[in-house]
file structure.txt (compact mmCIF, C-alpha atoms (C1' of nucleotides))
# COMPACT_ATOMS: atom_id res chain seq x y z
CA MET A 1 161.27 29.57 238.39
CA GLU A 2 164.16 28.70 236.09
CA TYR A 3 167.54 28.29 237.69
CA THR A 4 171.09 27.27 236.86
CA VAL A 5 173.41 25.14 238.93
CA ASN A 6 176.91 26.52 239.40
CA LYS A 7 179.04 24.11 241.45
CA ASN A 8 177.36 24.13 244.88
CA ASP A 9 175.30 27.24 244.16
CA ILE A 10 171.92 27.78 242.56
CA GLU A 11 171.52 30.96 240.55
CA ILE A 12 168.44 32.78 239.31
CA ILE A 13 167.80 36.02 237.47
CA CYS A 14 165.12 37.99 239.25
CA PRO A 15 164.62 41.75 238.68
CA ASP A 16 161.93 41.99 241.39
CA PHE A 17 164.14 40.86 244.24
CA ASN A 18 166.43 42.94 246.43
CA LEU A 19 167.96 41.23 249.44
CA ASP A 20 168.21 44.36 251.59
CA GLU A 21 164.63 45.36 250.88
CA THR A 22 163.24 41.86 251.47
CA LEU A 23 165.32 40.59 254.37
CA ASP A 24 165.76 43.83 256.31
CA CYS A 25 162.33 45.46 256.02
CA GLY A 26 160.83 44.31 259.31
CA GLN A 27 158.95 41.21 258.15
CA ALA A 28 161.69 38.78 259.27
CA PHE A 29 164.13 39.31 262.12
CA ARG A 30 166.64 36.46 261.82
CA TRP A 31 168.59 37.40 258.67
CA GLU A 32 172.02 38.92 259.12
CA LYS A 33 173.97 40.91 256.55
CA ILE A 34 177.55 39.71 256.14
CA ASP A 35 180.61 40.85 254.21
CA SER A 36 181.36 39.13 250.91
CA GLU A 37 182.70 39.54 247.40
CA TYR A 38 179.10 40.12 246.18
CA ASP A 39 176.98 43.30 246.16
CA ILE A 40 174.90 41.99 249.06
CA THR A 41 175.05 38.81 251.17
CA TYR A 42 172.88 37.58 254.04
CA LYS A 43 172.83 34.47 256.17
CA GLY A 44 169.83 33.16 258.01
CA PHE A 45 167.29 30.43 258.54
CA PHE A 46 163.91 29.10 257.52
CA VAL A 47 162.96 27.12 260.63
CA ASP A 48 166.22 25.18 261.21
CA ARG A 49 167.40 25.24 257.61
CA PHE A 50 170.42 27.49 257.07
CA LEU A 51 171.00 29.58 253.95
CA ARG A 52 173.66 31.98 252.73
CA ILE A 53 172.30 34.08 249.88
CA SER A 54 173.93 36.75 247.70
CA GLN A 55 172.98 39.28 245.08
CA ASN A 56 174.88 40.76 242.15
CA GLY A 57 172.61 43.06 240.17
CA GLU A 58 169.63 40.98 239.06
CA LYS A 59 171.37 37.71 239.86
CA ILE A 60 170.50 35.97 243.12
CA ILE A 61 172.82 33.20 244.34
CA PHE A 62 171.72 30.51 246.80
CA HIS A 63 174.99 29.18 248.23
CA ASP A 64 175.63 25.51 249.04
CA THR A 65 172.11 24.53 248.07
CA THR A 66 170.81 21.45 246.27
CA SER A 67 168.20 21.56 243.50
CA GLU A 68 165.96 19.65 245.85
CA ASP A 69 166.19 22.26 248.62
CA PHE A 70 165.83 25.09 246.15
CA GLU A 71 162.67 23.62 244.66
CA ASN A 72 161.11 22.34 247.87
CA VAL A 73 162.11 25.01 250.39
CA TRP A 74 163.51 28.25 249.00
CA THR A 75 161.25 28.67 245.97
CA ASP A 76 158.31 28.68 248.34
CA TYR A 77 159.93 30.73 251.12
CA PHE A 78 160.95 33.55 248.77
CA ASP A 79 157.65 33.32 246.86
CA LEU A 80 159.56 32.87 243.59
CA ASN A 81 156.58 31.60 241.59
CA THR A 82 154.68 34.85 242.09
CA ASP A 83 155.12 37.56 239.47
CA TYR A 84 155.88 40.72 241.43
CA SER A 85 156.17 42.81 238.24
CA LYS A 86 152.51 42.10 237.66
CA ILE A 87 151.63 42.94 241.27
CA LYS A 88 153.52 46.24 241.13
CA LEU A 89 151.85 47.12 237.85
CA GLN A 90 148.46 46.55 239.44
CA LEU A 91 149.32 48.57 242.56
CA SER A 92 150.79 51.40 240.47
CA GLU A 93 147.29 52.43 239.41
CA ASP A 94 147.42 54.38 242.66
CA GLU A 95 149.78 57.35 242.73
CA THR A 96 151.19 56.86 246.22
CA LEU A 97 151.60 53.12 245.76
CA LYS A 98 153.40 53.75 242.48
CA LYS A 99 155.91 55.89 244.35
CA ALA A 100 156.26 53.20 247.00
CA CYS A 101 156.81 50.47 244.38
CA ASP A 102 159.34 52.62 242.55
CA PHE A 103 161.15 53.37 245.78
CA ALA A 104 161.66 49.75 246.85
CA GLY A 105 160.52 47.44 244.07
CA GLY A 106 162.63 44.57 245.32
CA ILE A 107 160.47 43.71 248.30
CA ARG A 108 158.96 40.22 248.30
CA LEU A 109 156.59 38.71 250.83
CA LEU A 110 158.35 35.88 252.65
CA LYS A 111 156.34 32.73 253.38
CA GLN A 112 157.52 32.27 256.93
CA ASP A 113 156.93 29.68 259.61
CA LEU A 114 153.70 30.27 261.52
CA TRP A 115 155.07 29.60 265.01
CA GLU A 116 158.19 31.72 264.53
CA THR A 117 156.09 34.54 263.10
CA LEU A 118 153.70 34.39 266.03
CA VAL A 119 156.47 34.67 268.62
CA SER A 120 158.37 37.29 266.63
CA PHE A 121 155.41 39.63 266.30
CA ILE A 122 154.37 39.17 269.93
CA ILE A 123 157.86 40.47 270.70
CA SER A 124 157.46 43.28 268.17
CA GLN A 125 154.68 45.11 270.00
CA ASN A 126 155.57 48.58 271.28
CA ASN A 127 159.16 47.82 270.37
CA ASN A 128 161.71 48.88 267.75
CA ILE A 129 163.26 46.66 265.08
CA PRO A 130 166.87 46.57 266.38
CA ARG A 131 165.64 45.52 269.83
CA ILE A 132 163.24 42.92 268.37
CA LYS A 133 166.19 41.37 266.55
CA GLY A 134 168.22 41.39 269.75
CA ILE A 135 165.56 39.56 271.74
CA ILE A 136 165.05 36.92 269.03
CA SER A 137 168.80 36.52 268.68
CA ARG A 138 169.15 35.85 272.43
CA LEU A 139 166.25 33.40 272.22
CA CYS A 140 167.86 31.39 269.41
CA GLU A 141 171.31 31.54 270.97
CA HIS A 142 169.94 30.16 274.22
CA TYR A 143 168.37 27.10 272.56
CA GLY A 144 170.77 26.70 269.65
CA HIS A 145 167.82 27.14 267.29
CA PHE A 146 164.45 28.88 267.26
CA PRO A 147 162.71 27.10 270.17
CA THR A 148 159.62 25.02 269.55
CA ALA A 149 156.34 25.67 271.34
CA VAL A 150 156.98 22.58 273.49
CA GLU A 151 160.41 23.87 274.53
CA LEU A 152 159.08 27.32 275.39
CA SER A 153 156.08 25.94 277.27
CA ALA A 154 158.53 24.71 279.93
CA GLU A 155 159.56 28.31 280.62
CA THR A 156 158.03 30.92 282.90
CA PRO A 157 158.10 34.70 282.47
CA GLU A 158 160.84 34.77 285.13
CA SER A 159 162.99 32.09 283.49
CA LEU A 160 162.88 34.16 280.31
CA ASP A 161 164.48 37.16 282.06
CA PHE A 162 167.63 36.60 280.00
CA LEU A 163 165.68 37.74 276.92
CA ARG A 164 165.05 41.19 278.41
CA ALA A 165 161.72 41.09 276.58
CA GLY A 166 159.97 42.97 279.38
CA PHE A 167 156.21 42.59 279.70
CA ARG A 168 156.13 40.44 276.55
CA ALA A 169 157.66 37.39 278.28
CA LYS A 170 154.31 36.32 279.76
CA TYR A 171 152.72 36.58 276.31
CA ILE A 172 155.39 34.29 274.80
CA VAL A 173 154.68 31.72 277.52
CA ASP A 174 150.91 31.89 276.93
CA ALA A 175 151.37 31.40 273.18
CA SER A 176 153.65 28.41 273.70
CA MET A 177 151.12 26.81 276.09
CA LYS A 178 148.22 27.22 273.69
CA ILE A 179 150.17 25.86 270.71
CA SER A 180 152.01 23.02 272.46
CA SER A 181 148.83 21.79 274.18
CA GLY A 182 147.00 21.68 270.87
CA GLU A 183 144.42 24.19 272.09
CA ILE A 184 145.38 26.05 268.94
CA ASP A 185 146.41 23.86 266.02
CA ALA A 186 148.61 25.49 263.40
CA ASP A 187 147.40 23.29 260.55
CA GLN A 188 143.74 23.88 261.42
CA LEU A 189 144.41 27.60 261.62
CA LYS A 190 145.61 27.59 258.02
CA GLN A 191 142.38 25.95 256.86
CA MET A 192 140.08 28.43 258.60
CA PRO A 193 138.36 31.42 257.02
CA ILE A 194 140.52 34.45 257.74
CA ALA A 195 138.12 35.98 260.27
CA ASP A 196 137.99 32.74 262.30
CA ALA A 197 141.76 32.34 262.19
CA LYS A 198 142.17 35.90 263.43
CA LYS A 199 139.69 35.39 266.24
CA THR A 200 141.48 32.21 267.32
CA LEU A 201 144.89 33.91 267.28
CA MET A 202 143.52 36.73 269.42
CA THR A 203 142.67 34.31 272.24
CA ILE A 204 146.43 34.31 272.92
CA LYS A 205 147.47 36.92 275.49
CA GLY A 206 149.39 39.72 273.83
CA VAL A 207 147.94 38.99 270.40
CA GLY A 208 145.60 41.76 269.35
CA ASN A 209 144.46 43.26 266.09
CA LYS A 210 147.84 44.19 264.66
CA VAL A 211 149.88 41.15 265.72
CA SER A 212 147.21 38.76 264.46
CA GLU A 213 147.17 40.48 261.07
CA CYS A 214 150.97 40.12 260.91
CA VAL A 215 150.72 36.40 261.67
CA LEU A 216 148.07 36.00 258.96
CA LEU A 217 150.20 37.88 256.44
CA PHE A 218 153.75 36.75 257.22
CA GLY A 219 153.09 33.32 258.74
CA MET A 220 150.11 32.13 256.68
CA TYR A 221 150.51 34.01 253.40
CA ARG A 222 147.09 35.60 253.69
CA THR A 223 147.88 38.45 251.30
CA GLU A 224 144.58 40.16 252.08
CA ALA A 225 145.63 40.73 255.71
CA PHE A 226 146.55 44.35 256.42
CA PRO A 227 148.51 45.03 259.61
CA VAL A 228 148.12 48.63 260.82
CA ASP A 229 150.99 49.79 262.99
CA VAL A 230 152.00 53.34 263.89
CA TRP A 231 153.61 53.83 260.46
CA ILE A 232 150.73 52.50 258.39
CA LYS A 233 148.37 54.55 260.53
CA ARG A 234 150.24 57.66 259.34
CA VAL A 235 149.99 56.44 255.73
CA MET A 236 146.24 55.97 256.05
CA GLU A 237 145.74 59.41 257.61
CA SER A 238 147.92 61.18 255.03
CA TYR A 239 147.03 59.38 251.80
CA TYR A 240 143.96 57.18 252.27
CA PRO A 241 141.49 58.86 254.65
CA ASN A 242 138.65 57.10 252.78
CA GLY A 243 140.30 53.67 252.77
CA LEU A 244 142.61 51.71 250.49
CA PRO A 245 142.23 52.05 246.70
CA ASP A 246 140.56 49.23 244.74
CA CYS A 247 143.80 48.16 243.06
CA THR A 248 144.94 46.67 246.39
CA LYS A 249 142.03 44.23 246.55
CA GLY A 250 143.23 40.78 247.60
CA ILE A 251 146.85 41.89 247.98
CA GLU A 252 146.41 44.54 250.67
CA GLY A 253 149.23 42.95 252.67
CA ILE A 254 151.73 43.19 249.83
CA ALA A 255 150.75 46.83 249.28
CA GLN A 256 151.29 47.32 253.00
CA GLN A 257 154.89 46.13 252.69
CA TYR A 258 155.73 48.66 250.00
CA LEU A 259 153.96 51.45 251.91
CA PHE A 260 155.63 50.59 255.23
CA HIS A 261 159.10 50.78 253.69
CA TYR A 262 158.26 53.95 251.78
CA ILE A 263 156.84 55.99 254.66
CA ARG A 264 159.62 55.01 257.07
CA ASN A 265 162.27 56.26 254.67
CA LEU A 266 160.26 59.35 253.79
CA GLU A 267 160.13 60.44 257.43
CA LYS A 268 163.74 59.49 258.05
CA ASN A 269 164.90 62.06 255.49
C1' DT B 1 166.04 63.92 280.69
C1' DT B 2 162.34 62.76 277.87
C1' DC B 3 160.39 60.51 273.98
C1' DC B 4 159.48 56.67 271.16
C1' DA B 5 159.23 51.94 269.21
C1' DG B 6 155.71 47.01 263.33
C1' DG B 7 150.39 47.28 270.62
C1' DC B 8 147.81 45.17 274.01
C1' DG B 9 145.24 44.44 278.49
C1' DT B 10 142.52 46.62 281.68
C1' DA B 11 139.59 50.02 283.81
C1' DT B 12 136.10 53.28 283.17
C1' DC B 13 132.52 55.60 281.01
C1' DG C 1 132.24 50.90 271.65
C1' DA C 2 135.36 54.28 272.64
C1' DT C 3 138.98 56.35 275.19
C1' DA C 4 142.92 56.67 278.62
C1' DC C 5 146.67 54.71 280.73
C1' DG C 6 150.42 51.55 282.21
C1' DC C 7 153.74 48.49 280.64
C1' DA C 8 159.90 46.67 280.25
C1' DT C 9 163.61 47.96 277.76
C1' DG C 10 167.03 50.60 275.39
C1' DG C 11 168.34 53.79 271.65
C1' DA C 12 167.98 58.57 270.02
call {"tool": "encode", "arguments": {"input": "structure.txt", "output": "structure tokens"}}
result
Amino acid sequence: MEYTVNKNDIEIICPDFNLDETLDCGQAFRWEKIDSEYDITYKGFFVDRFLRISQNGEKIIFHDTTSEDFENVWTDYFDLNTDYSKIKLQLSEDETLKKACDFAGGIRLLKQDLWETLVSFIISQNNNIPRIKGIISRLCEHYGHFPTAVELSAETPESLDFLRAGFRAKYIVDASMKISSGEIDADQLKQMPIADAKKTLMTIKGVGNKVSECVLLFGMYRTEAFPVDVWIKRVMESYYPNGLPDCTKGIEGIAQQYLFHYIRNLEKN
DNA sequence: TTCCAGGCGTATC
DNA sequence: GATACGCATGGA
């Protein structure tokens, strides 16, 4: 990805990137929209690395960032070396997916941290997005950063009462125990065939079919993973009773992102 | 007040 | 293996 340095900022031109659609579409829960002189600005983190990022039209501005951080961290996190025009062209062979891509063509799949994704999507179950954000916000505020598995393994469901996460607190504790003890190794997980990785993830209490697919997709960049939540279930029943079209092969998860955003807005209006 | 939210564990058949 | 139900919390 070509970029230009402008004082302390890094700038790119990227037509397939919209900050609202990417950072506020329910794949990540720790980005916050803030006021600015730009069209759109967010602040947030990848692990413990802070970023303020803005958009003016097709220009994306990474504030107070070095070339080194841009190349080593943010290029990967925002998946900037993947051609989303090409992906959308492929998906647009299907009529419904074409509508979804046209509706929100600025969605990108974020390459997020595995541990944070695991905890975030455990919290997401039977929950709504504003409340998920609230719980994760309280979690990070309490520790001053997103807590590690070791830090959380010292907690109990009761000591996590301040989160108001309800029945999910015991699941968070179980996940932190299994990861911090090494019973489940994040690096090994990434090397496994997808079915084995999924099976391993599902040994964690509170991690079932849907949450494990989310961890595979958002935390391990397994683009063939296909999380089915209540919204995607409606999509499948309405548009794909016989299964996904062939054009989604290998990138089912990216198709899922466009469809998720599309159906939610369709039913809102 | 009742229903629902990026589901899962458990009981029961 | 499939189906039914409870679960914490808070916004609509």
call {"tool": "interface_residues", "arguments": {"input": "structure.txt", "of": "chain C", "to": "chain A", "cutoff": "8 Å", "atoms": "only C-alpha atoms (C1' of nucleotides)", "output": "ChimeraX atom specification"}}
result
/C:7-10
call {"tool": "closest_atom_pairs", "arguments": {"input": "structure.txt", "of": "chain B", "to": "chain A", "cutoff": "7 Å", "atoms": "all atoms listed in the file", "output": "Markdown table"}}
result
| residue | atom | partner | partner_atom | distance |
| --- | --- | --- | --- | --- |
| B:DA5 | C1' | A:Asn128 | CA | 4.2 |
| B:DG6 | C1' | A:Asp229 | CA | 5.5 |
| B:DG7 | C1' | A:Gln125 | CA | 4.8 |
| B:DC8 | C1' | A:Gly206 | CA | 5.7 |
call {"tool": "atom_distance", "arguments": {"input": "structure.txt", "atom1": "CA of Asp187 (chain A)", "atom2": "CA of Met220 (chain A)"}}
result
10.0 Å
call {"tool": "atom_distance", "arguments": {"input": "structure.txt", "atom1": "CA of Glu11 (chain A)", "atom2": "CA of Tyr77 (chain A)"}}
result
15.7 Å
call {"tool": "atom_distance", "arguments": {"input": "structure.txt", "atom1": "CA of Tyr239 (chain A)", "atom2": "CA of Ala100 (chain A)"}}
result
12.1 Å
call {"tool": "decode", "arguments": {"input": "structure.txt", "residues": "region 121-152 of chain A", "atoms": "N, CA and C atoms", "output": "short mmCIF file (atom, residue, chain, number, x, y, z; two decimals), in the first residue's frame"}}
result
data_model
loop_
_atom_site.label_atom_id
_atom_site.label_comp_id
_atom_site.auth_asym_id
_atom_site.auth_seq_id
_atom_site.Cartn_x
_atom_site.Cartn_y
_atom_site.Cartn_z
N PHE A 121 -16.31 -11.66 21.92
CA PHE A 121 -17.45 -12.38 21.36
C PHE A 121 -18.09 -13.35 22.36
N ILE A 122 -17.37 -13.70 23.43
CA ILE A 122 -18.03 -14.37 24.55
C ILE A 122 -19.05 -13.41 25.16
N ILE A 123 -18.65 -12.16 25.30
CA ILE A 123 -19.53 -11.14 25.86
C ILE A 123 -20.72 -10.86 24.93
N SER A 124 -20.50 -11.05 23.62
CA SER A 124 -21.51 -10.66 22.64
C SER A 124 -22.76 -11.54 22.65
N GLN A 125 -22.65 -12.76 23.24
CA GLN A 125 -23.75 -13.70 23.07
C GLN A 125 -25.03 -13.24 23.76
N ASN A 126 -26.13 -13.38 23.05
CA ASN A 126 -27.45 -12.96 23.55
C ASN A 126 -27.41 -11.54 24.13
N ASN A 127 -26.77 -10.66 23.39
CA ASN A 127 -26.51 -9.31 23.89
C ASN A 127 -26.64 -8.35 22.72
N ASN A 128 -26.77 -7.05 22.99
CA ASN A 128 -26.81 -6.09 21.89
C ASN A 128 -25.54 -5.24 21.85
N ILE A 129 -25.26 -4.67 20.68
CA ILE A 129 -23.95 -4.04 20.45
C ILE A 129 -23.65 -2.89 21.43
N PRO A 130 -24.59 -1.98 21.70
CA PRO A 130 -24.28 -0.92 22.67
C PRO A 130 -23.88 -1.47 24.04
N ARG A 131 -24.55 -2.54 24.48
CA ARG A 131 -24.23 -3.09 25.80
C ARG A 131 -22.90 -3.85 25.77
N ILE A 132 -22.59 -4.51 24.65
CA ILE A 132 -21.29 -5.18 24.51
C ILE A 132 -20.17 -4.15 24.66
N LYS A 133 -20.33 -3.03 23.98
CA LYS A 133 -19.33 -1.96 24.07
C LYS A 133 -19.18 -1.47 25.50
N GLY A 134 -20.30 -1.34 26.19
CA GLY A 134 -20.27 -0.86 27.56
C GLY A 134 -19.49 -1.79 28.47
N ILE A 135 -19.73 -3.08 28.34
CA ILE A 135 -19.05 -4.07 29.18
C ILE A 135 -17.54 -4.05 28.89
N ILE A 136 -17.16 -4.01 27.61
CA ILE A 136 -15.74 -4.02 27.26
C ILE A 136 -15.08 -2.71 27.70
N SER A 137 -15.82 -1.63 27.62
CA SER A 137 -15.30 -0.35 28.08
C SER A 137 -15.02 -0.37 29.58
N ARG A 138 -15.93 -0.94 30.36
CA ARG A 138 -15.71 -1.04 31.81
C ARG A 138 -14.53 -1.96 32.12
N LEU A 139 -14.39 -3.01 31.32
CA LEU A 139 -13.28 -3.95 31.50
C LEU A 139 -11.93 -3.23 31.30
N CYS A 140 -11.83 -2.47 30.22
CA CYS A 140 -10.57 -1.78 29.90
C CYS A 140 -10.30 -0.64 30.87
N GLU A 141 -11.36 0.04 31.29
CA GLU A 141 -11.20 1.13 32.23
C GLU A 141 -10.67 0.61 33.57
N HIS A 142 -11.17 -0.53 33.97
CA HIS A 142 -10.78 -1.14 35.24
C HIS A 142 -9.29 -1.46 35.27
N TYR A 143 -8.76 -2.00 34.17
CA TYR A 143 -7.35 -2.41 34.12
C TYR A 143 -6.43 -1.34 33.53
N GLY A 144 -7.00 -0.35 32.88
CA GLY A 144 -6.18 0.65 32.20
C GLY A 144 -5.77 0.21 30.82
N HIS A 145 -6.16 -1.00 30.44
CA HIS A 145 -5.90 -1.54 29.10
C HIS A 145 -6.77 -2.79 28.97
N PHE A 146 -6.78 -3.39 27.78
CA PHE A 146 -7.52 -4.65 27.67
C PHE A 146 -6.74 -5.71 28.45
N PRO A 147 -7.36 -6.31 29.48
CA PRO A 147 -6.61 -7.22 30.36
C PRO A 147 -6.12 -8.46 29.63
N THR A 148 -4.96 -8.93 30.07
CA THR A 148 -4.41 -10.17 29.52
C THR A 148 -5.13 -11.36 30.13
N ALA A 149 -4.90 -12.54 29.55
CA ALA A 149 -5.50 -13.75 30.09
C ALA A 149 -4.99 -14.01 31.51
N VAL A 150 -3.72 -13.71 31.76
CA VAL A 150 -3.15 -13.91 33.09
C VAL A 150 -3.84 -13.00 34.11
N GLU A 151 -4.04 -11.74 33.73
CA GLU A 151 -4.72 -10.81 34.64
C GLU A 151 -6.14 -11.27 34.94
N LEU A 152 -6.86 -11.69 33.92
CA LEU A 152 -8.26 -12.08 34.13
C LEU A 152 -8.39 -13.41 34.85
#
